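Enquirer: To be precise about what I am sending: the file is called upload-v3.cif and holds mmCIF, C-alpha atoms and all ligand atoms.
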data_final
loop_
_atom_site.label_atom_id
_atom_site.label_comp_id
_atom_site.auth_asym_id
_atom_site.auth_seq_id
_atom_site.Cartn_x
_atom_site.Cartn_y
_atom_site.Cartn_z
CA MET N 1 169.63 70.26 24.88
CA THR N 2 168.67 67.78 27.59
CA ALA N 3 170.63 69.09 30.58
CA SER N 4 169.11 71.24 33.29
CA ILE N 5 170.99 74.46 33.91
CA ILE N 6 172.53 74.98 37.36
CA ASP N 7 171.96 78.70 37.88
CA GLY N 8 175.01 79.96 39.79
CA LYS N 9 173.85 83.56 39.59
CA ALA N 10 170.61 82.75 41.44
CA PHE N 11 172.41 80.43 43.86
CA ALA N 12 174.99 83.13 44.65
CA ALA N 13 172.19 85.60 45.36
CA THR N 14 170.77 83.10 47.89
CA VAL N 15 174.18 82.67 49.54
CA ARG N 16 174.65 86.46 49.70
CA ALA N 17 171.20 86.84 51.29
CA GLN N 18 172.16 84.26 53.95
CA VAL N 19 175.45 86.11 54.54
CA THR N 20 173.61 89.44 54.86
CA ASP N 21 171.17 87.93 57.40
CA HIS N 22 174.06 86.58 59.42
CA VAL N 23 175.92 89.89 59.31
CA THR N 24 172.79 91.70 60.53
CA ARG N 25 172.52 89.30 63.48
CA LEU N 26 176.22 89.66 64.32
CA LYS N 27 175.84 93.43 64.36
CA GLU N 28 172.52 93.65 66.20
CA VAL N 29 172.97 90.85 68.73
CA HIS N 30 176.72 90.86 69.31
CA GLY N 31 177.81 94.34 68.18
CA ILE N 32 180.36 92.80 65.79
CA THR N 33 180.86 93.91 62.19
CA PRO N 34 182.76 91.33 60.09
CA GLY N 35 185.57 92.95 58.10
CA LEU N 36 187.37 91.84 54.92
CA ALA N 37 190.72 93.31 53.83
CA VAL N 38 191.72 92.91 50.19
CA VAL N 39 195.28 93.64 49.10
CA LEU N 40 196.04 94.36 45.45
CA VAL N 41 199.63 94.87 44.29
CA GLY N 42 200.03 96.47 40.85
CA GLU N 43 197.56 97.38 38.14
CA ASP N 44 196.52 94.14 36.44
CA PRO N 45 193.16 95.18 34.85
CA ALA N 46 191.40 91.83 35.48
CA SER N 47 192.52 91.84 39.13
CA GLU N 48 191.31 95.44 39.53
CA VAL N 49 187.83 94.40 38.33
CA TYR N 50 187.75 91.44 40.75
CA VAL N 51 188.90 93.57 43.67
CA ARG N 52 186.30 96.26 42.91
CA ASN N 53 183.52 93.65 42.80
CA LYS N 54 184.73 92.08 46.04
CA GLY N 55 184.72 95.46 47.81
CA LYS N 56 181.25 96.34 46.46
CA GLN N 57 179.67 93.03 47.48
CA THR N 58 181.35 93.13 50.90
CA LEU N 59 179.74 96.51 51.62
CA GLU N 60 176.38 95.40 50.18
CA SER N 61 176.31 92.49 52.65
CA GLY N 62 176.77 94.92 55.55
CA MET N 63 180.41 94.03 56.26
CA ALA N 64 183.35 96.41 56.50
CA SER N 65 185.67 96.49 53.48
CA PHE N 66 189.32 97.52 53.71
CA GLU N 67 191.07 97.94 50.36
CA HIS N 68 194.85 98.24 50.15
CA LYS N 69 196.15 99.11 46.69
CA LEU N 70 199.92 98.98 46.53
CA ASP N 71 202.31 100.05 43.81
CA ALA N 72 203.61 97.29 41.48
CA SER N 73 207.13 97.95 42.80
CA THR N 74 206.17 97.36 46.47
CA SER N 75 208.89 95.42 48.28
CA GLU N 76 208.28 92.05 49.91
CA ALA N 77 209.18 93.57 53.30
CA ASP N 78 206.53 96.30 52.93
CA LEU N 79 203.88 93.81 51.84
CA LEU N 80 204.73 91.49 54.76
CA ALA N 81 204.56 94.47 57.14
CA LEU N 82 201.03 95.29 55.89
CA ILE N 83 199.96 91.66 56.34
CA GLY N 84 201.37 91.75 59.88
CA LYS N 85 199.25 94.82 60.63
CA LEU N 86 196.10 93.22 59.20
CA ASN N 87 196.78 90.02 61.18
CA ALA N 88 196.86 92.09 64.37
CA ASP N 89 193.82 94.26 63.52
CA PRO N 90 190.71 93.04 65.42
CA ALA N 91 188.40 94.77 62.90
CA VAL N 92 189.78 92.54 60.11
CA HIS N 93 188.41 88.97 60.12
CA GLY N 94 189.41 88.03 56.58
CA ILE N 95 192.49 88.85 54.50
CA LEU N 96 192.81 88.24 50.78
CA VAL N 97 195.93 89.02 48.74
CA GLN N 98 194.89 89.14 45.10
CA LEU N 99 196.89 86.79 42.87
CA PRO N 100 198.89 86.78 40.71
CA LEU N 101 201.46 88.97 42.46
CA PRO N 102 204.19 90.77 40.49
CA ALA N 103 207.09 88.41 39.69
CA HIS N 104 209.51 89.87 42.27
CA LEU N 105 207.21 88.81 45.13
CA ASP N 106 207.15 85.23 46.45
CA SER N 107 203.44 84.28 46.53
CA ASP N 108 203.94 81.27 48.82
CA LEU N 109 205.86 83.36 51.35
CA VAL N 110 203.25 86.13 51.26
CA ILE N 111 200.22 83.79 51.53
CA ASN N 112 201.82 81.87 54.39
CA ALA N 113 202.36 85.15 56.29
CA ILE N 114 198.57 85.56 56.61
CA ASP N 115 197.09 84.40 59.94
CA PRO N 116 195.48 81.03 58.91
CA ALA N 117 192.34 81.98 60.87
CA LYS N 118 191.96 85.06 58.61
CA ASP N 119 192.95 83.27 55.38
CA VAL N 120 189.53 83.49 53.68
CA ASP N 121 191.08 82.19 50.41
CA GLY N 122 192.07 78.95 52.15
CA PHE N 123 195.50 79.08 50.49
CA HIS N 124 197.68 79.05 53.65
CA ILE N 125 199.60 75.80 54.00
CA SER N 126 197.89 75.15 57.38
CA ASN N 127 194.46 75.34 55.78
CA VAL N 128 195.59 73.13 52.89
CA GLY N 129 196.78 70.54 55.45
CA LEU N 130 193.59 70.81 57.54
CA LEU N 131 191.40 70.31 54.45
CA GLY N 132 193.61 67.42 53.31
CA THR N 133 193.11 65.64 56.64
CA GLY N 134 189.35 66.34 56.78
CA GLN N 135 189.64 68.87 59.61
CA LYS N 136 187.92 72.22 60.04
CA SER N 137 189.68 74.76 57.79
CA MET N 138 189.11 77.78 55.59
CA VAL N 139 188.09 76.35 52.20
CA PRO N 140 189.09 77.96 48.86
CA CYS N 141 186.13 79.94 47.51
CA THR N 142 185.72 78.58 43.98
CA PRO N 143 185.75 74.88 44.95
CA LEU N 144 183.48 75.67 47.92
CA GLY N 145 181.00 77.28 45.52
CA CYS N 146 181.15 74.20 43.25
CA LEU N 147 180.58 71.91 46.24
CA MET N 148 177.55 73.92 47.38
CA MET N 149 175.97 73.66 43.92
CA LEU N 150 176.71 69.92 43.71
CA ARG N 151 175.25 69.22 47.16
CA ASP N 152 172.18 71.28 46.29
CA HIS N 153 171.67 69.37 43.04
CA HIS N 154 172.45 65.83 44.23
CA GLY N 155 171.83 65.82 47.96
CA SER N 156 174.41 63.21 48.94
CA LEU N 157 177.52 62.86 46.75
CA SER N 158 178.52 59.60 48.45
CA GLY N 159 179.80 56.92 46.08
CA LEU N 160 179.65 59.06 42.94
CA ASN N 161 182.57 58.96 40.49
CA ALA N 162 184.10 62.43 40.17
CA VAL N 163 186.73 63.49 37.65
CA VAL N 164 188.42 66.87 38.19
CA VAL N 165 190.26 68.09 35.12
CA GLY N 166 192.99 70.47 36.34
CA ARG N 167 195.44 70.24 39.20
CA SER N 168 195.89 73.85 40.34
CA ASN N 169 196.30 74.71 44.03
CA ILE N 170 193.42 77.22 43.74
CA VAL N 171 190.79 74.93 42.19
CA GLY N 172 191.72 71.40 41.06
CA LYS N 173 193.43 70.04 44.18
CA PRO N 174 191.06 71.52 46.81
CA MET N 175 188.06 70.54 44.66
CA ALA N 176 189.26 66.93 44.58
CA GLN N 177 189.82 67.02 48.34
CA LEU N 178 186.32 68.35 49.03
CA LEU N 179 184.74 65.69 46.81
CA LEU N 180 186.78 63.00 48.56
CA ASN N 181 185.66 64.36 51.96
CA ASP N 182 182.06 63.96 50.67
CA SER N 183 182.85 60.29 49.84
CA CYS N 184 183.13 60.56 46.05
CA THR N 185 185.60 58.34 44.20
CA VAL N 186 187.88 61.03 42.81
CA THR N 187 190.30 61.13 39.89
CA ILE N 188 192.41 64.21 39.14
CA ALA N 189 193.20 64.53 35.44
CA HIS N 190 195.52 67.02 33.74
CA SER N 191 197.27 67.88 30.50
CA ARG N 192 199.35 64.67 30.52
CA THR N 193 196.43 62.33 31.28
CA LYS N 194 196.11 59.56 28.68
CA ASP N 195 192.78 59.19 26.88
CA LEU N 196 191.20 62.04 28.80
CA ALA N 197 187.87 61.76 26.98
CA SER N 198 187.25 58.16 28.02
CA LEU N 199 188.32 58.89 31.62
CA CYS N 200 185.90 61.84 31.74
CA ARG N 201 183.12 59.59 30.38
CA SER N 202 183.40 57.55 33.61
CA ALA N 203 182.42 60.59 35.67
CA ASP N 204 179.06 61.14 37.35
CA ILE N 205 180.49 64.54 38.30
CA LEU N 206 182.85 66.23 35.85
CA VAL N 207 184.62 69.39 37.00
CA ALA N 208 186.49 71.28 34.27
CA ALA N 209 189.21 73.59 35.59
CA VAL N 210 191.91 73.47 32.93
CA GLY N 211 191.89 77.04 31.64
CA ARG N 212 191.52 75.98 27.99
CA ALA N 213 188.56 77.39 26.10
CA GLU N 214 185.89 74.79 25.27
CA MET N 215 188.30 71.85 25.53
CA ILE N 216 185.71 69.53 27.11
CA THR N 217 183.14 68.62 24.46
CA GLY N 218 180.07 66.37 24.53
CA ASP N 219 182.32 63.36 23.72
CA PHE N 220 183.83 63.72 27.21
CA VAL N 221 180.49 63.57 29.02
CA LYS N 222 178.68 60.49 30.37
CA PRO N 223 174.95 60.66 29.62
CA GLY N 224 173.18 62.24 32.60
CA ALA N 225 176.41 63.44 34.30
CA THR N 226 176.67 66.73 36.17
CA VAL N 227 179.16 69.09 34.53
CA ILE N 228 180.71 71.96 36.50
CA ASP N 229 182.58 74.44 34.32
CA VAL N 230 185.11 76.52 36.28
CA GLY N 231 186.74 78.03 33.17
CA ILE N 232 186.59 81.73 32.33
CA ASN N 233 188.22 82.28 28.94
CA ARG N 234 188.01 85.44 26.87
CA ILE N 235 187.96 84.57 23.17
CA GLU N 236 187.16 86.32 19.90
CA ARG N 237 184.66 84.62 17.56
CA ASP N 238 183.14 86.08 14.38
CA GLY N 239 184.86 89.35 15.25
CA LYS N 240 183.13 89.51 18.64
CA LYS N 241 184.69 89.19 22.11
CA LYS N 242 183.10 86.34 24.07
CA LEU N 243 183.40 84.73 27.49
CA VAL N 244 183.45 80.93 27.33
CA GLY N 245 184.21 78.14 29.77
CA ASP N 246 186.46 75.11 29.57
CA VAL N 247 183.39 73.17 28.38
CA GLU N 248 181.89 73.40 24.90
CA PHE N 249 178.42 74.18 26.19
CA GLN N 250 176.12 73.09 23.34
CA SER N 251 177.55 69.62 22.79
CA ALA N 252 178.05 68.95 26.53
CA ALA N 253 174.52 70.12 27.42
CA ALA N 254 173.10 67.69 24.84
CA VAL N 255 174.53 64.76 26.85
CA ALA N 256 174.76 65.96 30.48
CA GLY N 257 172.00 65.74 33.08
CA ALA N 258 172.92 69.14 34.54
CA ILE N 259 175.48 71.78 33.64
CA THR N 260 176.72 75.18 34.83
CA PRO N 261 176.80 77.89 32.14
CA VAL N 262 179.56 80.45 31.56
CA PRO N 263 178.89 83.21 32.44
CA GLY N 264 176.39 82.77 35.27
CA GLY N 265 177.57 79.45 36.71
CA VAL N 266 180.56 79.03 39.00
CA GLY N 267 181.79 82.64 38.61
CA PRO N 268 179.22 84.42 40.81
CA MET N 269 179.62 81.75 43.49
CA THR N 270 183.29 82.61 44.11
CA ILE N 271 182.70 86.06 45.64
CA ALA N 272 179.57 84.81 47.46
CA CYS N 273 181.76 82.14 49.10
CA LEU N 274 184.42 84.72 49.94
CA LEU N 275 181.76 86.66 51.87
CA ALA N 276 180.59 83.41 53.49
CA ASN N 277 184.17 82.58 54.52
CA THR N 278 184.58 86.04 56.06
CA VAL N 279 181.46 85.52 58.20
CA THR N 280 182.74 82.05 59.17
CA ALA N 281 186.14 83.50 60.16
CA CYS N 282 184.42 86.25 62.18
CA CYS N 283 182.23 83.75 64.04
CA ARG N 284 185.20 81.50 64.82
CA ALA N 285 187.28 84.48 66.02
CA ASN N 286 184.49 85.41 68.44
CA GLY N 287 183.67 81.87 69.63
CA LEU N 288 180.22 82.04 68.02
CA PRO N 289 178.39 79.24 66.13
CA GLU N 290 179.23 79.17 62.44
CA PRO N 291 176.60 79.95 59.81
CA GLU N 292 174.95 76.70 58.73
CA GLY N 293 175.21 75.69 55.09
CA LEU N 294 177.92 78.24 54.30
CA THR N 295 180.92 76.05 55.09
CA ALA N 296 182.16 72.67 53.83
N1 LIG G 301 193.14 85.40 41.52
C1 LIG G 301 192.26 84.65 40.80
N2 LIG G 301 191.44 83.96 41.61
C2 LIG G 301 191.80 84.27 42.87
C3 LIG G 301 191.30 83.88 44.15
O1 LIG G 301 190.36 83.08 44.28
N3 LIG G 301 191.93 84.43 45.20
C4 LIG G 301 192.97 85.31 45.08
N4 LIG G 301 193.53 85.77 46.18
N5 LIG G 301 193.45 85.69 43.91
C5 LIG G 301 192.86 85.17 42.82
#
Could I get this file's structure written as structure tokens?
Ligand code: GUN
Expert:
Amino acid sequence: MTASIIDGKAFAATVRAQVTDHVTRLKEVHGITPGLAVVLVGEDPASEVYVRNKGKQTLESGMASFEHKLDASTSEADLLALIGKLNADPAVHGILVQLPLPAHLDSDLVINAIDPAKDVDGFHISNVGLLGTGQKSMVPCTPLGCLMMLRDHHGSLSGLNAVVVGRSNIVGKPMAQLLLNDSCTVTIAHSRTKDLASLCRSADILVAAVGRAEMITGDFVKPGATVIDVGINRIERDGKKKLVGDVEFQSAAAVAGAITPVPGGVGPMTIACLLANTVTACCRANGLPEPEGLTA
């Protein structure tokens, strides 16, 4: 292996420490406690784990955590009424509705009912538009975490060729937008892209967010490139359950200059950035300066 490992677990701990410091100051100097409300509809086991971790880390950083667990059969009207209440609640600075929602609920409608200033996921159409036009917005947590690690590793990203594999609204598209805003030359690739491997080999920065276990192998990597693996895939190998990324780690690490592992790469950064976004939203709501280094 030649690549250096980008340690997302350690980086996330640093971000959480910065968040905790900022929360302490907000409480002691301004008497304000940032609050994050998380709404979970139904009993999807993976979502329950995420929501539990979010609540735990919110409390550990000194913020207030409000968890709303609703029955899978909750009506759209009831969910919208709850969002209306959270929008109006001054103790709530961030609102997150865990996705995916049960099929009878319209995710776009629900997400767009959240006050954009409290939309710590950055999924509201206003925030998407603000990010797309390079204006101040709430930035989706996973791409924000990737951007922080890339800036830390490279310093300036200006002029670098970036290929983002995956075009989801949660990761691929906002990731591409953030890289463009940092003056990268950006290509978004996806399942229909022709000759994906050779396109990826043009990338100084390769972000894999396709949701296909170990699809990106060493053949896709330019020597010395930085590889960011957003994938979290549960597979079974040799009778054992394993967590792997969208990148085949061994072969990619033999060619790359730097690479994020799975687990311990992008994953821990997502919740750290959610906490950072909640502090940012709280500061903006109170007309206070935003925490430096925790926003895009
Ligand atoms: N489900 C999987 N990832 C996410 C995320 O980043 N935000 C929300 N709200 N739901 C998710």
Enquirer: From the options N:His124, N:Arg212, N:Arg234, N:Lys241, which residue's atoms come nearest to ligand LIG 301 (chain G), counting all atoms listed in the file?
Expert: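 For ligand LIG 301 (chain G), the nearest of the candidates is N:His124.
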Enquirer: Using all atoms listed in the file, determine which residues fall within 10 Å of ligand LIG 301 (chain G), then list them as a VMD selection string.
Expert: chain N and resid 38 to 40 46 to 47 50 to 51 95 to 101 111 119 to 123 140 to 143 170 to 171 270 to 271 273 to 274
Enquirer: Give me, as number ranges by chain, all polymer residues having an atom no more than 9 Å from Leu157 of chain N, counting all atoms listed in the file and skipping those fewer than 5 positions away in the same chain.
Expert: N: 150-151, 179, 182-184
Enquirer: Rounded to one decimal in Å, what is the spacing between atom CA of Gly145 of chain N and atom CA of Ala272 of chain N?
Expert: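 We find that atom CA of Gly145 of chain N and atom CA of Ala272 of chain N lie 7.9 Å from each other.
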Enquirer: Which of these, N:Leu243, N:Val210, N:Leu70, N:Cys146, has the shortest distance to Pro263 of chain N once you count all atoms listed in the file?
Expert: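 Distance minimum relative to Pro263 of chain N lands on N:Leu243.
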Enquirer: Select, from N:Glu43, N:Asp238, N:Glu248, N:Asp204, the residue with the minimum atom-to-atom distance to Asp219 of chain N, counting all atoms listed in the file.
Expert: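 Nearest candidate to Asp219 of chain N out of N:Glu43, N:Asp238, N:Glu248, N:Asp204: N:Glu248.
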Enquirer: Calculated over all atoms listed in the file, which of the candidates N:Val266, N:Ala208, N:Ala88, N:Ala3 has the smallest distance to Ile114 of chain N?
Expert: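 Nearest to Ile114 of chain N: N:Ala88.
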Enquirer: Closest to Thr278 of chain N among N:Asp246, N:Glu290, N:Asp78, N:Glu236, using only C-alpha atoms?
Expert: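 Using only C-alpha atoms, the shortest distance to Thr278 of chain N belongs to N:Glu290.
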Enquirer: Could you check the closest approach to Met63 of chain N for each of N:Leu294, N:Leu178, N:Ala213, N:Leu275 and tell me which residue wins, using all atoms listed in the file?
Expert: N:Leu275
Enquirer: Just how far from atom CA of Ala64 of chain N is atom CA of Ala113 of chain N, in Å to one decimal?
Expert: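 Spanning atom CA of Ala113 of chain N to atom CA of Ala64 of chain N is a straight-line distance of 22.1 Å.
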Enquirer: Here's a test: counting all atoms listed in the file, identify every protein, DNA and RNA residue with an atom at most 12 Å from (204.3, 83.8, 53.2) in the file's coordinate frame, and state them as an MDAnalysis selection string.
Expert: chainID N and resid 76:77 79:81 83:84 97 105:116 119 123:126
Enquirer: Hey, can you check how far atom CA of His22 of chain N sits from atom CA of Ser65 of chain N?
Expert: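 Pair atom CA of His22 of chain N / atom CA of Ser65 of chain N returns 16.4 Å.
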Enquirer: Given the block above, output segment 201-224 of chain N with N, CA, C and O atoms as a tab-separated table (two decimals), in the first residue's frame.
Expert:
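Writing done, so here's result.tsv:
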chain	number	residue	atom	x	y	z
N	201	ARG	N	-9.86	7.64	-13.98
N	201	ARG	CA	-8.38	7.77	-13.97
N	201	ARG	C	-7.91	9.18	-14.31
N	201	ARG	O	-6.73	9.49	-14.21
N	202	SER	N	-8.85	10.07	-14.72
N	202	SER	CA	-8.47	11.47	-14.97
N	202	SER	C	-8.59	12.30	-13.69
N	202	SER	O	-8.26	13.49	-13.68
N	203	ALA	N	-9.05	11.68	-12.61
N	203	ALA	CA	-9.40	12.45	-11.41
N	203	ALA	C	-8.23	12.60	-10.44
N	203	ALA	O	-7.59	11.61	-10.07
N	204	ASP	N	-7.98	13.85	-10.02
N	204	ASP	CA	-7.08	14.09	-8.89
N	204	ASP	C	-7.82	13.78	-7.59
N	204	ASP	O	-7.22	13.38	-6.60
N	205	ILE	N	-9.15	14.04	-7.64
N	205	ILE	CA	-10.01	13.72	-6.49
N	205	ILE	C	-11.13	12.81	-7.01
N	205	ILE	O	-11.86	13.18	-7.93
N	206	LEU	N	-11.23	11.63	-6.43
N	206	LEU	CA	-12.26	10.68	-6.86
N	206	LEU	C	-13.19	10.41	-5.68
N	206	LEU	O	-12.75	9.92	-4.64
N	207	VAL	N	-14.46	10.78	-5.85
N	207	VAL	CA	-15.43	10.55	-4.77
N	207	VAL	C	-16.38	9.45	-5.22
N	207	VAL	O	-17.05	9.57	-6.26
N	208	ALA	N	-16.42	8.37	-4.46
N	208	ALA	CA	-17.27	7.21	-4.81
N	208	ALA	C	-18.52	7.23	-3.95
N	208	ALA	O	-18.44	7.09	-2.73
N	209	ALA	N	-19.66	7.45	-4.58
N	209	ALA	CA	-20.94	7.48	-3.85
N	209	ALA	C	-22.01	6.82	-4.71
N	209	ALA	O	-23.01	7.42	-5.05
N	210	VAL	N	-21.73	5.56	-5.06
N	210	VAL	CA	-22.64	4.82	-5.95
N	210	VAL	C	-23.53	3.83	-5.23
N	210	VAL	O	-24.57	3.43	-5.74
N	211	GLY	N	-23.11	3.41	-4.03
N	211	GLY	CA	-23.89	2.40	-3.30
N	211	GLY	C	-23.73	1.00	-3.86
N	211	GLY	O	-24.64	0.18	-3.74
N	212	ARG	N	-22.57	0.73	-4.48
N	212	ARG	CA	-22.28	-0.63	-4.96
N	212	ARG	C	-20.96	-1.12	-4.37
N	212	ARG	O	-19.91	-0.49	-4.60
N	213	ALA	N	-21.04	-2.20	-3.62
N	213	ALA	CA	-19.89	-2.67	-2.86
N	213	ALA	C	-18.66	-2.86	-3.74
N	213	ALA	O	-18.70	-3.59	-4.74
N	214	GLU	N	-17.59	-2.18	-3.38
N	214	GLU	CA	-16.24	-2.37	-3.96
N	214	GLU	C	-16.20	-2.28	-5.48
N	214	GLU	O	-15.41	-2.95	-6.13
N	215	MET	N	-17.06	-1.44	-6.05
N	215	MET	CA	-17.13	-1.31	-7.51
N	215	MET	C	-15.90	-0.59	-8.08
N	215	MET	O	-15.46	-0.85	-9.18
N	216	ILE	N	-15.35	0.35	-7.31
N	216	ILE	CA	-14.22	1.15	-7.78
N	216	ILE	C	-12.92	0.45	-7.34
N	216	ILE	O	-12.59	0.44	-6.15
N	217	THR	N	-12.22	-0.10	-8.32
N	217	THR	CA	-10.99	-0.84	-8.00
N	217	THR	C	-9.78	0.03	-8.35
N	217	THR	O	-9.92	1.14	-8.87
N	218	GLY	N	-8.59	-0.51	-8.10
N	218	GLY	CA	-7.35	0.22	-8.38
N	218	GLY	C	-7.24	0.67	-9.83
N	218	GLY	O	-6.62	1.71	-10.11
N	219	ASP	N	-7.87	-0.06	-10.75
N	219	ASP	CA	-7.83	0.31	-12.19
N	219	ASP	C	-8.52	1.65	-12.45
N	219	ASP	O	-8.36	2.22	-13.53
N	220	PHE	N	-9.34	2.09	-11.52
N	220	PHE	CA	-10.08	3.35	-11.70
N	220	PHE	C	-9.31	4.55	-11.14
N	220	PHE	O	-9.80	5.68	-11.21
N	221	VAL	N	-8.16	4.28	-10.53
N	221	VAL	CA	-7.50	5.34	-9.74
N	221	VAL	C	-6.24	5.83	-10.43
N	221	VAL	O	-5.38	5.04	-10.84
N	222	LYS	N	-6.12	7.16	-10.55
N	222	LYS	CA	-4.90	7.78	-11.08
N	222	LYS	C	-3.81	7.71	-10.00
N	222	LYS	O	-4.10	7.99	-8.82
N	223	PRO	N	-2.58	7.37	-10.37
N	223	PRO	CA	-1.54	7.30	-9.34
N	223	PRO	C	-1.44	8.62	-8.56
N	223	PRO	O	-1.39	9.70	-9.16
N	224	GLY	N	-1.49	8.51	-7.24
N	224	GLY	CA	-1.36	9.69	-6.38
N	224	GLY	C	-2.67	10.41	-6.08
N	224	GLY	O	-2.70	11.36	-5.30
